[in-house]
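work.pdb follows (PDB, C-alpha atoms, pLDDT in the B column):
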ATOM      1  CA  MET A  22      -3.819 -28.142  21.517  1.00 51.00           C
ATOM      2  CA  THR A  23      -3.831 -24.487  20.550  1.00 50.00           C
ATOM      3  CA  ALA A  24      -4.803 -23.902  16.934  1.00 51.00           C
ATOM      4  CA  PRO A  25      -2.060 -22.277  14.852  1.00 57.00           C
ATOM      5  CA  ARG A  26      -2.573 -18.597  14.196  1.00 64.00           C
ATOM      6  CA  PRO A  27      -3.456 -17.770  10.596  1.00 76.00           C
ATOM      7  CA  SER A  28      -0.737 -16.186   8.525  1.00 93.00           C
ATOM      8  CA  LEU A  29      -0.571 -12.444   8.139  1.00 97.00           C
ATOM      9  CA  THR A  30      -1.733 -11.263   4.731  1.00 98.00           C
ATOM     10  CA  ALA A  31      -0.764  -8.286   2.609  1.00 98.00           C
ATOM     11  CA  VAL A  32      -2.275  -6.671  -0.464  1.00 98.00           C
ATOM     12  CA  ALA A  33      -0.167  -4.478  -2.734  1.00 98.00           C
ATOM     13  CA  LEU A  34      -2.069  -1.849  -4.691  1.00 98.00           C
ATOM     14  CA  VAL A  35       0.061  -0.892  -7.671  1.00 98.00           C
ATOM     15  CA  CYS A  36      -0.879   2.620  -8.781  1.00 98.00           C
ATOM     16  CA  SER A  37       0.930   2.705 -12.107  1.00 98.00           C
ATOM     17  CA  LEU A  38      -0.858   4.552 -14.896  1.00 97.00           C
ATOM     18  CA  LYS A  39      -0.193   1.507 -17.115  1.00 96.00           C
ATOM     19  CA  ARG A  40      -2.542  -1.437 -17.436  1.00 97.00           C
ATOM     20  CA  SER A  41      -1.306  -5.002 -17.510  1.00 97.00           C
ATOM     21  CA  PRO A  42       0.633  -6.517 -19.175  1.00 96.00           C
ATOM     22  CA  ALA A  43       2.777  -3.395 -19.682  1.00 97.00           C
ATOM     23  CA  GLN A  44       5.941  -3.465 -17.610  1.00 96.00           C
ATOM     24  CA  SER A  45       5.764  -1.265 -14.525  1.00 97.00           C
ATOM     25  CA  SER A  46       8.463  -0.084 -12.158  1.00 97.00           C
ATOM     26  CA  SER A  47       5.791   0.468  -9.494  1.00 98.00           C
ATOM     27  CA  GLU A  48       4.741  -3.161  -9.822  1.00 98.00           C
ATOM     28  CA  LEU A  49       8.361  -4.291  -9.603  1.00 98.00           C
ATOM     29  CA  ILE A  50       9.132  -2.398  -6.399  1.00 98.00           C
ATOM     30  CA  ALA A  51       5.823  -3.631  -4.935  1.00 98.00           C
ATOM     31  CA  GLU A  52       6.906  -7.189  -5.718  1.00 98.00           C
ATOM     32  CA  HIS A  53      10.249  -6.567  -4.029  1.00 98.00           C
ATOM     33  CA  VAL A  54       8.393  -5.450  -0.892  1.00 98.00           C
ATOM     34  CA  CYS A  55       6.074  -8.466  -1.105  1.00 98.00           C
ATOM     35  CA  ALA A  56       9.023 -10.831  -1.542  1.00 98.00           C
ATOM     36  CA  GLN A  57      10.506  -9.518   1.684  1.00 98.00           C
ATOM     37  CA  LEU A  58       7.151  -9.884   3.433  1.00 98.00           C
ATOM     38  CA  ARG A  59       6.902 -13.490   2.256  1.00 98.00           C
ATOM     39  CA  THR A  60      10.248 -14.288   3.866  1.00 97.00           C
ATOM     40  CA  ARG A  61       8.533 -13.343   7.133  1.00 96.00           C
ATOM     41  CA  GLY A  62       5.574 -15.655   6.590  1.00 96.00           C
ATOM     42  CA  VAL A  63       3.196 -13.065   5.152  1.00 98.00           C
ATOM     43  CA  LYS A  64       0.920 -14.169   2.313  1.00 98.00           C
ATOM     44  CA  THR A  65       0.819 -11.532  -0.414  1.00 98.00           C
ATOM     45  CA  GLU A  66      -1.327 -10.505  -3.366  1.00 98.00           C
ATOM     46  CA  SER A  67      -0.705  -7.710  -5.844  1.00 98.00           C
ATOM     47  CA  LEU A  68      -3.356  -5.787  -7.802  1.00 98.00           C
ATOM     48  CA  ARG A  69      -2.698  -3.256 -10.537  1.00 98.00           C
ATOM     49  CA  CYS A  70      -5.392  -0.664  -9.983  1.00 98.00           C
ATOM     50  CA  ALA A  71      -5.422   0.547 -13.600  1.00 98.00           C
ATOM     51  CA  ASP A  72      -6.808  -2.878 -14.541  1.00 98.00           C
ATOM     52  CA  TYR A  73      -9.996  -2.072 -12.603  1.00 98.00           C
ATOM     53  CA  ALA A  74     -12.759   0.459 -13.199  1.00 98.00           C
ATOM     54  CA  ILE A  75     -12.425   2.523 -10.015  1.00 98.00           C
ATOM     55  CA  SER A  76     -15.080   5.214 -10.095  1.00 97.00           C
ATOM     56  CA  PRO A  77     -14.356   8.672  -8.671  1.00 97.00           C
ATOM     57  CA  GLY A  78     -15.937   9.390  -5.305  1.00 96.00           C
ATOM     58  CA  VAL A  79     -15.615   8.886  -1.575  1.00 95.00           C
ATOM     59  CA  GLU A  80     -18.156   6.119  -1.012  1.00 95.00           C
ATOM     60  CA  ALA A  81     -17.467   2.431  -0.486  1.00 96.00           C
ATOM     61  CA  ASP A  82     -19.544   1.612  -3.570  1.00 96.00           C
ATOM     62  CA  MET A  83     -20.230   4.171  -6.281  1.00 97.00           C
ATOM     63  CA  GLY A  84     -22.777   2.014  -8.049  1.00 96.00           C
ATOM     64  CA  GLU A  85     -23.024   0.400 -11.460  1.00 96.00           C
ATOM     65  CA  GLY A  86     -19.699  -0.326 -13.111  1.00 97.00           C
ATOM     66  CA  ASP A  87     -17.623   0.456 -10.033  1.00 98.00           C
ATOM     67  CA  GLU A  88     -15.059  -2.274  -9.358  1.00 98.00           C
ATOM     68  CA  TRP A  89     -13.615  -0.717  -6.196  1.00 98.00           C
ATOM     69  CA  PRO A  90     -15.794  -2.939  -3.941  1.00 98.00           C
ATOM     70  CA  ARG A  91     -13.826  -5.985  -5.193  1.00 97.00           C
ATOM     71  CA  ILE A  92     -10.585  -4.352  -4.101  1.00 98.00           C
ATOM     72  CA  ARG A  93     -12.112  -3.049  -0.879  1.00 98.00           C
ATOM     73  CA  GLU A  94     -13.063  -6.547   0.276  1.00 97.00           C
ATOM     74  CA  LYS A  95      -9.462  -7.645  -0.033  1.00 98.00           C
ATOM     75  CA  LEU A  96      -8.284  -4.616   1.968  1.00 98.00           C
ATOM     76  CA  LEU A  97     -10.797  -5.330   4.723  1.00 97.00           C
ATOM     77  CA  GLU A  98      -9.500  -8.887   5.024  1.00 97.00           C
ATOM     78  CA  CYS A  99      -5.746  -8.242   4.913  1.00 98.00           C
ATOM     79  CA  ASP A 100      -3.367  -7.081   7.655  1.00 98.00           C
ATOM     80  CA  ILE A 101      -0.933  -5.008   5.582  1.00 98.00           C
ATOM     81  CA  LEU A 102      -1.453  -2.613   2.677  1.00 98.00           C
ATOM     82  CA  VAL A 103       1.442  -1.867   0.326  1.00 98.00           C
ATOM     83  CA  LEU A 104       0.706   1.270  -1.690  1.00 98.00           C
ATOM     84  CA  ALA A 105       3.086   1.563  -4.653  1.00 98.00           C
ATOM     85  CA  THR A 106       3.088   4.665  -6.835  1.00 98.00           C
ATOM     86  CA  PRO A 107       5.245   6.468  -9.359  1.00 96.00           C
ATOM     87  CA  VAL A 108       6.060  10.154  -9.012  1.00 95.00           C
ATOM     88  CA  TRP A 109       4.227  12.269 -11.590  1.00 92.00           C
ATOM     89  CA  LEU A 110       4.704  16.039 -11.664  1.00 89.00           C
ATOM     90  CA  GLY A 111       6.015  15.848  -8.116  1.00 90.00           C
ATOM     91  CA  HIS A 112       2.929  14.061  -6.776  1.00 94.00           C
ATOM     92  CA  PRO A 113       1.590  10.526  -6.303  1.00 97.00           C
ATOM     93  CA  SER A 114      -0.078   9.212  -9.448  1.00 97.00           C
ATOM     94  CA  SER A 115      -3.708  10.084 -10.093  1.00 98.00           C
ATOM     95  CA  VAL A 116      -4.479   6.399  -9.526  1.00 98.00           C
ATOM     96  CA  ALA A 117      -2.941   6.547  -6.035  1.00 98.00           C
ATOM     97  CA  GLN A 118      -4.949   9.675  -5.263  1.00 98.00           C
ATOM     98  CA  ARG A 119      -8.147   7.947  -6.328  1.00 98.00           C
ATOM     99  CA  VAL A 120      -7.324   4.972  -4.095  1.00 98.00           C
ATOM    100  CA  LEU A 121      -6.886   7.298  -1.118  1.00 98.00           C
ATOM    101  CA  GLU A 122     -10.143   9.080  -1.941  1.00 97.00           C
ATOM    102  CA  ARG A 123     -12.035   5.796  -2.051  1.00 98.00           C
ATOM    103  CA  LEU A 124     -10.467   4.708   1.236  1.00 98.00           C
ATOM    104  CA  ASP A 125     -11.866   7.868   2.805  1.00 96.00           C
ATOM    105  CA  ALA A 126     -15.196   6.042   3.042  1.00 95.00           C
ATOM    106  CA  GLU A 127     -13.738   3.789   5.718  1.00 96.00           C
ATOM    107  CA  LEU A 128     -13.617   6.637   8.248  1.00 92.00           C
ATOM    108  CA  SER A 129     -17.365   6.179   8.751  1.00 92.00           C
ATOM    109  CA  ASN A 130     -17.235   2.383   8.547  1.00 93.00           C
ATOM    110  CA  THR A 131     -16.630   1.315  12.144  1.00 93.00           C
ATOM    111  CA  ASP A 132     -16.388  -1.905  14.126  1.00 93.00           C
ATOM    112  CA  ASP A 133     -18.280  -2.847  17.297  1.00 92.00           C
ATOM    113  CA  ALA A 134     -15.871  -0.715  19.359  1.00 92.00           C
ATOM    114  CA  GLU A 135     -16.503   2.352  17.165  1.00 94.00           C
ATOM    115  CA  ARG A 136     -13.027   2.129  15.625  1.00 94.00           C
ATOM    116  CA  PRO A 137     -12.723   2.851  11.877  1.00 95.00           C
ATOM    117  CA  VAL A 138     -12.260  -0.566  10.311  1.00 96.00           C
ATOM    118  CA  MET A 139      -8.758   0.128   9.022  1.00 97.00           C
ATOM    119  CA  VAL A 140      -7.495   0.899  12.534  1.00 97.00           C
ATOM    120  CA  GLY A 141      -5.196  -1.958  13.486  1.00 96.00           C
ATOM    121  CA  LYS A 142      -3.993  -2.499   9.931  1.00 98.00           C
ATOM    122  CA  VAL A 143      -0.494  -1.548   8.752  1.00 98.00           C
ATOM    123  CA  ALA A 144       0.457   0.412   5.625  1.00 98.00           C
ATOM    124  CA  LEU A 145       3.706   0.689   3.672  1.00 98.00           C
ATOM    125  CA  VAL A 146       4.460   3.038   0.776  1.00 98.00           C
ATOM    126  CA  ALA A 147       6.799   2.314  -2.153  1.00 98.00           C
ATOM    127  CA  VAL A 148       7.716   5.017  -4.661  1.00 98.00           C
ATOM    128  CA  VAL A 149       9.599   5.092  -7.964  1.00 97.00           C
ATOM    129  CA  GLY A 150      10.397   7.976 -10.289  1.00 91.00           C
ATOM    130  CA  ASN A 151      12.935   9.738 -12.429  1.00 79.00           C
ATOM    131  CA  GLU A 152      12.848  13.017 -10.522  1.00 74.00           C
ATOM    132  CA  ASP A 153      13.481  14.034  -6.950  1.00 75.00           C
ATOM    133  CA  GLY A 154      10.327  14.029  -4.832  1.00 89.00           C
ATOM    134  CA  ALA A 155       9.973  10.587  -3.281  1.00 94.00           C
ATOM    135  CA  HIS A 156       9.969  11.965   0.265  1.00 94.00           C
ATOM    136  CA  LYS A 157       7.175  14.390  -0.599  1.00 95.00           C
ATOM    137  CA  VAL A 158       5.116  11.644  -2.253  1.00 96.00           C
ATOM    138  CA  VAL A 159       5.639   9.331   0.736  1.00 97.00           C
ATOM    139  CA  ALA A 160       4.578  12.140   3.082  1.00 97.00           C
ATOM    140  CA  ASP A 161       1.394  12.765   1.069  1.00 96.00           C
ATOM    141  CA  CYS A 162       0.482   9.078   1.097  1.00 98.00           C
ATOM    142  CA  PHE A 163       1.350   8.609   4.774  1.00 98.00           C
ATOM    143  CA  GLN A 164      -0.882  11.522   5.783  1.00 97.00           C
ATOM    144  CA  GLY A 165      -3.856  10.107   3.923  1.00 97.00           C
ATOM    145  CA  LEU A 166      -3.309   6.551   5.131  1.00 98.00           C
ATOM    146  CA  ASN A 167      -2.901   7.733   8.727  1.00 97.00           C
ATOM    147  CA  ASP A 168      -6.136   9.728   8.540  1.00 96.00           C
ATOM    148  CA  ILE A 169      -7.939   6.630   7.270  1.00 97.00           C
ATOM    149  CA  GLY A 170      -6.690   4.651  10.272  1.00 97.00           C
ATOM    150  CA  TYR A 171      -3.673   2.727   9.052  1.00 98.00           C
ATOM    151  CA  THR A 172      -0.622   2.462  11.293  1.00 98.00           C
ATOM    152  CA  ILE A 173       2.734   3.334   9.747  1.00 98.00           C
ATOM    153  CA  PRO A 174       5.705   1.257  10.958  1.00 98.00           C
ATOM    154  CA  ALA A 175       9.139   2.669  11.673  1.00 98.00           C
ATOM    155  CA  GLN A 176      10.905   3.363   8.364  1.00 97.00           C
ATOM    156  CA  GLY A 177       7.722   2.266   6.628  1.00 98.00           C
ATOM    157  CA  CYS A 178       8.641   3.254   3.090  1.00 98.00           C
ATOM    158  CA  THR A 179      11.044   2.402   0.322  1.00 98.00           C
ATOM    159  CA  TYR A 180      11.819   4.313  -2.839  1.00 97.00           C
ATOM    160  CA  TRP A 181      14.061   4.742  -5.838  1.00 96.00           C
ATOM    161  CA  ASN A 182      14.640   7.963  -7.768  1.00 92.00           C
ATOM    162  CA  GLY A 183      16.735   8.039 -10.882  1.00 87.00           C
ATOM    163  CA  GLU A 184      18.905  10.920 -11.927  1.00 80.00           C
ATOM    164  CA  ALA A 185      16.890  14.080 -12.584  1.00 78.00           C
ATOM    165  CA  MET A 186      16.029  14.919 -16.221  1.00 73.00           C
ATOM    166  CA  GLN A 187      17.178  11.509 -17.429  1.00 77.00           C
ATOM    167  CA  SER A 188      15.283   8.480 -18.721  1.00 77.00           C
ATOM    168  CA  GLY A 189      16.446   5.713 -16.375  1.00 81.00           C
ATOM    169  CA  ASP A 190      13.749   3.524 -14.834  1.00 91.00           C
ATOM    170  CA  TYR A 191      13.690   1.154 -11.870  1.00 95.00           C
ATOM    171  CA  LYS A 192      12.616  -1.777 -14.005  1.00 94.00           C
ATOM    172  CA  ASP A 193      15.642  -1.252 -16.247  1.00 93.00           C
ATOM    173  CA  LEU A 194      18.246  -1.581 -13.476  1.00 94.00           C
ATOM    174  CA  ASP A 195      20.661  -4.506 -13.746  1.00 93.00           C
ATOM    175  CA  GLU A 196      20.374  -4.917  -9.986  1.00 95.00           C
ATOM    176  CA  VAL A 197      18.684  -3.091  -7.148  1.00 96.00           C
ATOM    177  CA  PRO A 198      21.082  -0.748  -5.331  1.00 95.00           C
ATOM    178  CA  GLU A 199      22.035  -2.065  -1.909  1.00 97.00           C
ATOM    179  CA  ALA A 200      20.675   1.027  -0.167  1.00 96.00           C
ATOM    180  CA  VAL A 201      17.264   0.473  -1.774  1.00 97.00           C
ATOM    181  CA  ALA A 202      17.266  -3.272  -1.105  1.00 97.00           C
ATOM    182  CA  SER A 203      18.139  -2.826   2.572  1.00 98.00           C
ATOM    183  CA  THR A 204      15.483  -0.118   2.953  1.00 97.00           C
ATOM    184  CA  THR A 205      12.876  -2.390   1.362  1.00 98.00           C
ATOM    185  CA  ALA A 206      13.846  -5.225   3.699  1.00 98.00           C
ATOM    186  CA  ALA A 207      13.628  -2.967   6.771  1.00 98.00           C
ATOM    187  CA  ALA A 208      10.199  -1.660   5.771  1.00 98.00           C
ATOM    188  CA  ALA A 209       8.857  -5.195   5.285  1.00 98.00           C
ATOM    189  CA  ARG A 210      10.441  -6.469   8.505  1.00 98.00           C
ATOM    190  CA  ASN A 211       8.990  -3.646  10.575  1.00 98.00           C
ATOM    191  CA  ALA A 212       5.571  -3.935   8.934  1.00 98.00           C
ATOM    192  CA  ALA A 213       5.317  -7.665   9.642  1.00 98.00           C
ATOM    193  CA  HIS A 214       6.358  -7.088  13.258  1.00 98.00           C
ATOM    194  CA  LEU A 215       3.870  -4.273  13.771  1.00 98.00           C
ATOM    195  CA  ALA A 216       1.036  -6.212  12.160  1.00 98.00           C
ATOM    196  CA  THR A 217       1.730  -9.131  14.509  1.00 97.00           C
ATOM    197  CA  VAL A 218       1.648  -6.828  17.532  1.00 97.00           C
ATOM    198  CA  LEU A 219      -1.597  -5.170  16.422  1.00 97.00           C
ATOM    199  CA  ARG A 220      -3.244  -8.525  15.754  1.00 94.00           C
ATOM    200  CA  GLU A 221      -2.499  -9.537  19.342  1.00 94.00           C
ATOM    201  CA  ARG A 222      -3.235  -6.145  20.928  1.00 95.00           C
ATOM    202  CA  GLN A 223      -5.717  -4.036  19.014  1.00 95.00           C
ATOM    203  CA  TYR A 224      -6.114  -0.345  19.758  1.00 95.00           C
ATOM    204  CA  PRO A 225      -8.512   0.422  22.635  1.00 95.00           C
ATOM    205  CA  PRO A 226     -12.211   0.971  21.903  1.00 93.00           C
ATOM    206  CA  TYR A 227     -13.276   4.424  20.768  1.00 88.00           C
ATOM    207  CA  GLN A 228     -16.466   4.234  22.829  1.00 75.00           C
TER     208      GLN A 228
END

Encoding of this model in structure tokens:
Amino acid sequence: MTAPRPSLTAVALVCSLKRSPAQSSSELIAEHVCAQLRTRGVKTESLRCADYAISPGVEADMGEGDEWPRIREKLLECDILVLATPVWLGHPSSVAQRVLERLDAELSNTDDAERPVMVGKVALVAVVGNEDGAHKVVADCFQGLNDIGYTIPAQGCTYWNGEAMQSGDYKDLDEVPEAVASTTAAAARNAAHLATVLRERQYPPYQ
């Protein structure tokens, strides 16, 4: 009898500037993505990066006090990364930028076929903010994640922007707008499909 294949796994890195237990729109939209992934049999875990001491740098381990290695191990083991960030001053949060900088170390961390270890893993981006700019933030994150080796699925992002120069927040909505909910569902559906394909047919060796 053929052994059942292990479930796909996903890790959401929430790049809010707020530590737990403060409410976070970035955490909420990450959970909405994860909920959709779970409906497709993906096991999920969410980490709020501000709760960890992530040292600046571009190495896998920056030494004493650096808690990035704990997060890194989870990313090495999972199939899907969900990167959730607010928009600040038209850019991804400083926490999201630090995550991307730390992931840069994985370009020189290769498998037996000389592939960077994140090649074959899938990445989604989720963005929230009160100003226009979600597309620009998604583009910035996608570029970095692609360089690191992640594969981006079709329509691999979801976002919500409130009205410009107002104080509305995603976490304060009475219900998620249908356009956002359907976009979140499509991103999760396509990510789970792509991760399944890549698990069965990894990219060719780089040798």

(Q) Restricting the calculation to all atoms listed in the file: of A:Asp168, A:Glu48, A:Glu199, A:Glu80, which residue gets closest to A:Thr106? (A)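 When distances to A:Thr106 are compared using all atoms listed in the file, the smallest one comes from A:Glu48.
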
Q: Go through A:Ala71, A:Val197, A:Ala209, A:Leu166 one by one, measure the shortest atom-to-atom distance of each to A:Arg40 using only C-alpha atoms, and give the residue with the smallest value.
A: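 Smallest distance to A:Arg40 is found for A:Ala71.
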
Target residues per the PyMOL selection byres ((chain A and resi 124) around 9), formatted as a short mmCIF file (atom, residue, chain, number, x, y, z; two decimals) with C-alpha atoms, in the coordinates of the input:
data_model
loop_
_atom_site.label_atom_id
_atom_site.label_comp_id
_atom_site.auth_asym_id
_atom_site.auth_seq_id
_atom_site.Cartn_x
_atom_site.Cartn_y
_atom_site.Cartn_z
CA VAL A 79 -15.62 8.89 -1.58
CA GLU A 80 -18.16 6.12 -1.01
CA ALA A 81 -17.47 2.43 -0.49
CA ARG A 93 -12.11 -3.05 -0.88
CA ARG A 119 -8.15 7.95 -6.33
CA VAL A 120 -7.32 4.97 -4.10
CA LEU A 121 -6.89 7.30 -1.12
CA GLU A 122 -10.14 9.08 -1.94
CA ARG A 123 -12.04 5.80 -2.05
CA ASP A 125 -11.87 7.87 2.80
CA ALA A 126 -15.20 6.04 3.04
CA GLU A 127 -13.74 3.79 5.72
CA LEU A 128 -13.62 6.64 8.25
CA GLY A 165 -3.86 10.11 3.92
CA LEU A 166 -3.31 6.55 5.13
CA ILE A 169 -7.94 6.63 7.27
#

Q: Would you kindly return, as JSON, numbers by chain, each protein, DNA or RNA residue with an atom no farther than 12 Å from any atom of A:Gly111, considering all atoms listed in the file and excluding same-chain residues fewer than 5 positions away?
A: {"A": [106, 148, 149, 150, 151, 152, 153, 154, 155, 156, 157, 158, 159, 160, 161, 182, 185]}

What does the file look like for those residues with C-alpha atoms, as a JSON list (two decimals), in the frame of the given file?
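Dumped to part_26.json:
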[["chain", "number", "residue", "atom", "x", "y", "z"],
["A", 106, "THR", "CA", 3.09, 4.66, -6.84],
["A", 148, "VAL", "CA", 7.72, 5.02, -4.66],
["A", 149, "VAL", "CA", 9.60, 5.09, -7.96],
["A", 150, "GLY", "CA", 10.40, 7.98, -10.29],
["A", 151, "ASN", "CA", 12.94, 9.74, -12.43],
["A", 152, "GLU", "CA", 12.85, 13.02, -10.52],
["A", 153, "ASP", "CA", 13.48, 14.03, -6.95],
["A", 154, "GLY", "CA", 10.33, 14.03, -4.83],
["A", 155, "ALA", "CA", 9.97, 10.59, -3.28],
["A", 156, "HIS", "CA", 9.97, 11.96, 0.26],
["A", 157, "LYS", "CA", 7.18, 14.39, -0.60],
["A", 158, "VAL", "CA", 5.12, 11.64, -2.25],
["A", 159, "VAL", "CA", 5.64, 9.33, 0.74],
["A", 160, "ALA", "CA", 4.58, 12.14, 3.08],
["A", 161, "ASP", "CA", 1.39, 12.76, 1.07],
["A", 182, "ASN", "CA", 14.64, 7.96, -7.77],
["A", 185, "ALA", "CA", 16.89, 14.08, -12.58]]

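With only C-alpha atoms as the atoms that count, the residue of A:Thr204, A:Thr60, A:Ser67, A:Ser115 with the shortest distance to A:Ala175 is A:Thr204.
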
Q.
Under the rule that all atoms listed in the file are counted, which of A:Pro107, A:Pro198, A:Gly141, A:Gly183 is the nearest residue to A:Glu221?
A.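 Answer, going by the shortest atom-to-atom distance: A:Gly141.
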
Q.
Around the point (2.8, 3.4, -12.2) (coordinates from the file), which residues reach within 7 Å if we count only C-alpha atoms? Answer as a list in words.
A. Val35, Cys36, Ser37, Leu38, Lys39, Ser45, Ser46, Ser47, Thr106 and Pro107 of chain A

Q: Report the distance between atom CA of A:Lys95 and atom CA of A:Leu34 in Å, rounded to one decimal place.
A: 10.5 Å

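Between A:Ala144 and the residues A:Asp72, A:Asp100, A:Tyr180, A:Ala117, the shortest atom-to-atom distance, using only C-alpha atoms, involves A:Asp100.
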
Q | Output of the PyMOL selection byres ((chain A and resi 97-99) around 10), listed as a PyMOL selection string | A | chain A and resi 29-32+64-66+92-96+100-102+127+138-139+142-143

Q) Using all atoms listed in the file, which of A:Tyr171, A:Tyr191, A:Trp109, A:Phe163 sits nearest A:Arg136? A)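 Among the listed residues, A:Tyr171 lies closest to A:Arg136.
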
Q: Give me, please, the distance in Å between atom CA of A:Arg210 and atom CA of A:Val54, quoted to one decimal.
A: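 According to the coordinates, atom CA of A:Arg210 and atom CA of A:Val54 are separated by 9.7 Å.
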
**Q.** Gap from atom CA of A:Cys178 to atom CA of A:Val146 - Å, one decimal
**A.**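 One can read the atom CA of A:Cys178 to atom CA of A:Val146 distance as 4.8 Å.
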
Stretch 148-165 of chain A, all listed atoms, 8 Å padding on each side: what axis-aligned box centre and edge lengths in Å to one decimal come out, as lines of an AutoDock Vina configuration file?
center_x = 4.8
center_y = 9.7
center_z = -3.3
size_x = 33.3
size_y = 25.4
size_z = 34.2

Q: Check what the PyMOL selection byres ((chain A and resi 88) around 7) selects in the file above and give those residues as a list in words.
A: Tyr73, Ala74, Ile75, Gly86, Asp87, Trp89, Pro90 and Arg91 of chain A

Keeping only C-alpha atoms, write the selected residues to a file as an mmCIF file, in the frame of the given file.
data_model
loop_
_atom_site.group_PDB
_atom_site.id
_atom_site.type_symbol
_atom_site.label_atom_id
_atom_site.label_comp_id
_atom_site.auth_asym_id
_atom_site.auth_seq_id
_atom_site.Cartn_x
_atom_site.Cartn_y
_atom_site.Cartn_z
ATOM 1 C CA TYR A 73 -9.996 -2.072 -12.603
ATOM 2 C CA ALA A 74 -12.759 0.459 -13.199
ATOM 3 C CA ILE A 75 -12.425 2.523 -10.015
ATOM 4 C CA GLY A 86 -19.699 -0.326 -13.111
ATOM 5 C CA ASP A 87 -17.623 0.456 -10.033
ATOM 6 C CA TRP A 89 -13.615 -0.717 -6.196
ATOM 7 C CA PRO A 90 -15.794 -2.939 -3.941
ATOM 8 C CA ARG A 91 -13.826 -5.985 -5.193
#

Q: Using only C-alpha atoms, determine which residues lie at most 12 Å from A:Ala206, disregarding the query and same-chain residues fewer than 4 positions distant; provide the list as a list in words.
A: Ile50, Ala51, Glu52, His53, Val54, Cys55, Ala56, Gln57, Leu58, Arg59, Thr60, Arg61, Leu145, Ala147, Gln176, Gly177, Cys178, Thr179, Tyr180, Glu199, Ala200, Val201, Ala202, Arg210, Asn211, Ala212 and Ala213 of chain A
